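Undergrad: Below you will find the structure I want to go over with you.
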Amino acid sequence: MTLSHPKANRSPGTPDPAFGDEDSIAYLSKLLDDDPAFQVLALFMGLSSDLKGKTIFSAYVHHEEQYKYVIGRTDSDGTLDRTFANNGILLGSFNSGAACSGGKLVVQQSEPGLIYMQGWTEGPSGWADLAITCVDKHGQPNPSFGNNGSVVIATPVYEELLTNSCTLQIQPDGKLLVTANYLLRHNELQLTTGVVFRLLSNGEPDTGFNGNGRWELKIPDPHAATAINGCLSQGGNVVIAGHVRTQPAHNVATLVRLDNKGEVDKSFGDSSGFYFVYLSDHGSVFNTVIERADHSLIAAGEAFTRGAPHQLGLLVALTPNGSPHLMFNQGKPLLTQFDAERENHWSCALVQPDNKIVVAAAFWWPLLARFNVDGSLDTTFNSTGYTPADFTIKSAPVQLVSRQDGRIIVSANITGVNPEGIGVMKCFLS
């Protein structure tokens with residue numbers, strides 16, 4: 001006879017009783033409890049899943065009076081996997097003695113299962129430089145990547161790296177895509193430029209990509225700000241999600257596709273290689289783009305009305321070539337607001353095996369929502385289609401991952417003793 005958990009058999013979208021504490025939460029501070037040198041600051045910065053379905057996380061921590069990064073792995077119940085790295089975690093820095101942080105994660109979904117983490121490190125000028133590290137599936141630095149497993153990309157003079165803006169993805173040929181946004185420090189604060197880098201598997205710039213391994217998002221208006229907030233590899237092509245700012249404080253959500261050489265693919269979108277979301281009386285931003293099994297694209301983000309206090313969730317479905325997908329919300333952008341008094345913009349998204357779409361909000365409420373293939377709200381998910389957060393998110397990012405068993409894990413940094421928040425993971429049934 002097998003005894004079930006007293007809270008078992010809950011519906012999709014409800015907390016997993018087998019994970020973490022009684023609220024299905026695992027606290028980063030508790031995962032690091034074995035080392036008393038970890039101090040108050042411990043924030044989740046990245047989340048992914050490895051070949052065995054275990055959860056890989058990255059963090060920004062304060063350890064022995066220094067800001068460092070952590071890469072760790074948890075078992076299905078939210079406890080630390082002690083077989084990974086050094087008793088469950090890899091603690092490190094990109095430049096010895098320089099402040100740094102972990103960031104977004106991506107895991108190679110075939111052998112050898114390499115783990116890549118984007119982050120930042122304090123550079124010689126005192127400003128942050130973009131950094132990437134690579135470890136093997138056991139949590140040990142990969143010596144064939146960069147300098148003992150790490151690569152640092154120096155920030156150009158007179159620019160500033162926006163440290164929470166960076167993402168990364170692996171292409172099928174093992175090359176690495178890294179995106180970042182830079183601010184012109186001596187210009188207006190809203191003037192940013194989105195950049196995508198492509199690195200070879202050894203960490204060197206891929207000079208076959210735009211000639212130098214670096215591509216900047218630009219439009220004909222020389223005064224327009226741009227930002228890249230996510231990307232994916234579509235075969236040998238690269239699809240980039242972000243926004244352009246064509247006038248002060250008015251963003252336009254943007255997708256653009258590059259070919260394998262880093263040139264804009266004009267067969268995508270509106271025949272210029274771009275897809276723009278123009279909404280009446282609304283600005284818009286894409287925060288991520290994902291791909292479904294039929295190679296159609298889902299872009300998630302936010303829409304907002306000038307002067308209005310709260311954002312709306314934004315979802316768009318496109319065919320593989322960037323045309324509106326008529327089977328999703330009749331080909332129109334889907335705007336969502338569950339509560340007129342609360343934020344509702346989507347910071348991350350994933351596609352489940354049945355092609356349903358799960359999105360997570362960056363602030364307050366709801367934490368999770370699930371949509372059917374046609375864009376309708378999936379009311380089998382927590383009986384309403386969404387799961388409200390029971391905590392306040394204090395700082396970015398919110399991250400979302402689906403395990404091999406279908407469970408959904410969200411990481412966030414919520415209100416706590418530290419002003420920037422405390423790192424938590426929560427697991428939901430699916």
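Ordered as shown in the structure tokens, chains take letters A, B, and onward, while each chain numbers its residues from 1 and ligands are numbered from 1 in the order shown.
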What's the 8 Å shell around Asn382 (chain A), counting only C-alpha atoms, without same-chain residues fewer than 6 positions away, as a list in words?
TA: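 What passes the distance filter is Ser11, Pro12, Gly13 and Thr14 of chain A.
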Undergrad: Deliver the residues from the most recent selection as a file, using all heavy atoms, as a tab-separated table (two decimals), in the first residue's frame.
TA:
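Listing of selection.tsv after writing:
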chain	number	residue	atom	x	y	z
A	11	SER	N	-5.24	20.31	-8.13
A	11	SER	CA	-5.44	20.61	-9.55
A	11	SER	C	-4.27	21.37	-10.13
A	11	SER	O	-3.47	21.97	-9.40
A	11	SER	CB	-6.73	21.41	-9.71
A	11	SER	OG	-6.61	22.67	-9.06
A	12	PRO	N	-4.15	21.38	-11.47
A	12	PRO	CA	-3.07	22.15	-12.10
A	12	PRO	C	-3.12	23.62	-11.68
A	12	PRO	O	-4.20	24.20	-11.51
A	12	PRO	CB	-3.38	22.00	-13.60
A	12	PRO	CG	-4.15	20.74	-13.71
A	12	PRO	CD	-4.98	20.66	-12.46
A	13	GLY	N	-1.93	24.20	-11.52
A	13	GLY	CA	-1.85	25.61	-11.14
A	13	GLY	C	-1.87	25.85	-9.65
A	13	GLY	O	-1.81	26.99	-9.21
A	14	THR	N	-1.93	24.76	-8.86
A	14	THR	CA	-1.88	24.91	-7.41
A	14	THR	C	-0.50	24.48	-6.92
A	14	THR	O	0.22	23.74	-7.60
A	14	THR	CB	-2.96	24.05	-6.72
A	14	THR	OG1	-2.75	22.68	-7.07
A	14	THR	CG2	-4.35	24.48	-7.17
Undergrad: Please report as CSV every residue of region 256-299 of chain A lying within 7 Å of region 344-350 of chain A, along with the nearest atom pair and their distance in Å (one decimal), using only C-alpha atoms.
TA:
residue,atom,partner,partner_atom,distance
A:Asn287,CA,A:Ser347,CA,5.6
A:Thr288,CA,A:Cys348,CA,6.0
A:Ile290,CA,A:Leu350,CA,6.8
Undergrad: Per residue of region 142-243 of chain A within 12 Å of region 28-49 of chain A, what are the shortest atom pair and its distance in Å to one decimal, counting only C-alpha atoms, with rows by chain and residue number, as JSON lines?
TA:
{"residue": "A:Thr163", "atom": "CA", "partner": "A:Met45", "partner_atom": "CA", "distance": 10.9}
{"residue": "A:Asn164", "atom": "CA", "partner": "A:Met45", "partner_atom": "CA", "distance": 8.7}
{"residue": "A:Ser165", "atom": "CA", "partner": "A:Met45", "partner_atom": "CA", "distance": 11.2}
{"residue": "A:Cys166", "atom": "CA", "partner": "A:Met45", "partner_atom": "CA", "distance": 10.8}
{"residue": "A:Thr167", "atom": "CA", "partner": "A:Gly46", "partner_atom": "CA", "distance": 9.6}
{"residue": "A:Leu168", "atom": "CA", "partner": "A:Gly46", "partner_atom": "CA", "distance": 10.7}
{"residue": "A:Gln169", "atom": "CA", "partner": "A:Ser48", "partner_atom": "CA", "distance": 11.4}
Undergrad: Taking N, CA and C atoms for each residue, export the selection above as a PDB file, in the first residue's frame.
TA:
ATOM      1  N   THR A 163      22.648  45.837 -16.190  1.00  0.00           N
ATOM      2  CA  THR A 163      23.044  44.485 -15.773  1.00  0.00           C
ATOM      3  C   THR A 163      21.890  43.490 -15.739  1.00  0.00           C
ATOM      4  N   ASN A 164      20.662  43.931 -15.510  1.00  0.00           N
ATOM      5  CA  ASN A 164      19.538  42.997 -15.449  1.00  0.00           C
ATOM      6  C   ASN A 164      18.875  42.791 -16.795  1.00  0.00           C
ATOM      7  N   SER A 165      19.483  43.319 -17.864  1.00  0.00           N
ATOM      8  CA  SER A 165      18.852  43.259 -19.179  1.00  0.00           C
ATOM      9  C   SER A 165      19.342  42.098 -20.032  1.00  0.00           C
ATOM     10  N   CYS A 166      20.300  41.324 -19.562  1.00  0.00           N
ATOM     11  CA  CYS A 166      21.011  40.376 -20.427  1.00  0.00           C
ATOM     12  C   CYS A 166      20.326  39.008 -20.469  1.00  0.00           C
ATOM     13  N   THR A 167      20.446  38.331 -21.618  1.00  0.00           N
ATOM     14  CA  THR A 167      19.910  36.981 -21.786  1.00  0.00           C
ATOM     15  C   THR A 167      20.899  36.158 -22.592  1.00  0.00           C
ATOM     16  N   LEU A 168      20.673  34.852 -22.663  1.00  0.00           N
ATOM     17  CA  LEU A 168      21.505  34.004 -23.516  1.00  0.00           C
ATOM     18  C   LEU A 168      20.750  32.766 -23.967  1.00  0.00           C
ATOM     19  N   GLN A 169      21.170  32.227 -25.133  1.00  0.00           N
ATOM     20  CA  GLN A 169      20.586  31.034 -25.714  1.00  0.00           C
ATOM     21  C   GLN A 169      21.685  30.254 -26.433  1.00  0.00           C
TER      22      GLN A 169
END
Undergrad: Which residue out of A:Tyr386, A:Phe338, A:Tyr275, A:Phe391 has the minimum interatomic distance to Leu312 (chain A) when only C-alpha atoms are used?
TA: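 Of A:Tyr386, A:Phe338, A:Tyr275, A:Phe391, the one nearest Leu312 (chain A) is A:Phe338, counting only C-alpha atoms.
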Undergrad: Smallest atom-to-atom distance to Val157 (chain A): which of A:Thr254, A:Ser125, A:Ser233, A:Ser101, using only C-alpha atoms?
TA: A:Ser125
Undergrad: Please report as CSV every residue of region 246-334 of chain A lying within 9 Å of region 357-365 of chain A, along with the nearest atom pair and their distance in Å (one decimal), using only C-alpha atoms.
TA:
residue,atom,partner,partner_atom,distance
A:Ile298,CA,A:Ile357,CA,8.5
A:Ala300,CA,A:Val359,CA,7.9
A:Gly313,CA,A:Ala361,CA,8.2
Undergrad: Could those selected residues go to a file with N, CA and C atoms, as a PDB file, in the first residue's frame?
TA:
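Full text of selection04.pdb as output:
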ATOM      1  N   ILE A 298       5.755  32.695 -30.040  1.00  0.00           N
ATOM      2  CA  ILE A 298       4.955  33.392 -29.037  1.00  0.00           C
ATOM      3  C   ILE A 298       5.846  34.459 -28.409  1.00  0.00           C
ATOM      4  N   ALA A 300       5.940  37.524 -25.564  1.00  0.00           N
ATOM      5  CA  ALA A 300       5.227  37.954 -24.366  1.00  0.00           C
ATOM      6  C   ALA A 300       5.851  39.230 -23.820  1.00  0.00           C
ATOM      7  N   GLY A 313      -0.868  42.661 -19.605  1.00  0.00           N
ATOM      8  CA  GLY A 313      -0.120  41.573 -20.204  1.00  0.00           C
ATOM      9  C   GLY A 313      -0.300  41.587 -21.715  1.00  0.00           C
TER      10      GLY A 313
END
Undergrad: Nearest residue to Gly230 (chain A) out of A:Leu326, A:Ala303, A:Val195, A:Leu367, using only C-alpha atoms?
TA: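 Closest residue, counting only C-alpha atoms: A:Val195.
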Undergrad: Using only C-alpha atoms, pick whichever of A:Val70, A:Val289, A:Ala317, A:Ala412 has the shortest atom-to-atom distance to Asp374 (chain A).
TA: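 Result for the nearest residue to Asp374 (chain A): A:Ala317.
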Undergrad: Distance CA of Lys356 (chain A)-CA of Asn237 (chain A), one decimal place?
TA: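 A separation of 24.3 Å between them.
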Undergrad: Got a sec: who's within 6 Å of Arg185 (chain A), counting only C-alpha atoms, leaving out chain neighbours fewer than 4 positions off, as a short mmCIF file (atom, residue, chain, number, x, y, z; two decimals) with N, CA, C and O atoms, in the first residue's frame?
TA:
data_model
loop_
_atom_site.label_atom_id
_atom_site.label_comp_id
_atom_site.auth_asym_id
_atom_site.auth_seq_id
_atom_site.Cartn_x
_atom_site.Cartn_y
_atom_site.Cartn_z
N TYR A 158 32.16 55.26 -22.38
CA TYR A 158 31.01 56.16 -22.37
C TYR A 158 29.68 55.43 -22.44
O TYR A 158 28.65 56.05 -22.68
N GLU A 159 29.69 54.13 -22.26
CA GLU A 159 28.44 53.39 -22.17
C GLU A 159 28.34 52.69 -20.82
O GLU A 159 29.35 52.52 -20.13
N GLU A 160 27.14 52.29 -20.48
CA GLU A 160 26.90 51.58 -19.22
C GLU A 160 26.05 50.34 -19.49
O GLU A 160 25.00 50.43 -20.14
#
Undergrad: Could you check the closest approach to Val373 (chain A) for each of A:His282, A:Lys218, A:His325, A:Lys54 and tell me which residue wins, using only C-alpha atoms?
TA: A:His325
Undergrad: Distance CA of Gln140 (chain A)-CA of Pro172 (chain A), one decimal place?
TA: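 About the pair CA of Gln140 (chain A) and CA of Pro172 (chain A): they are 22.7 Å apart.
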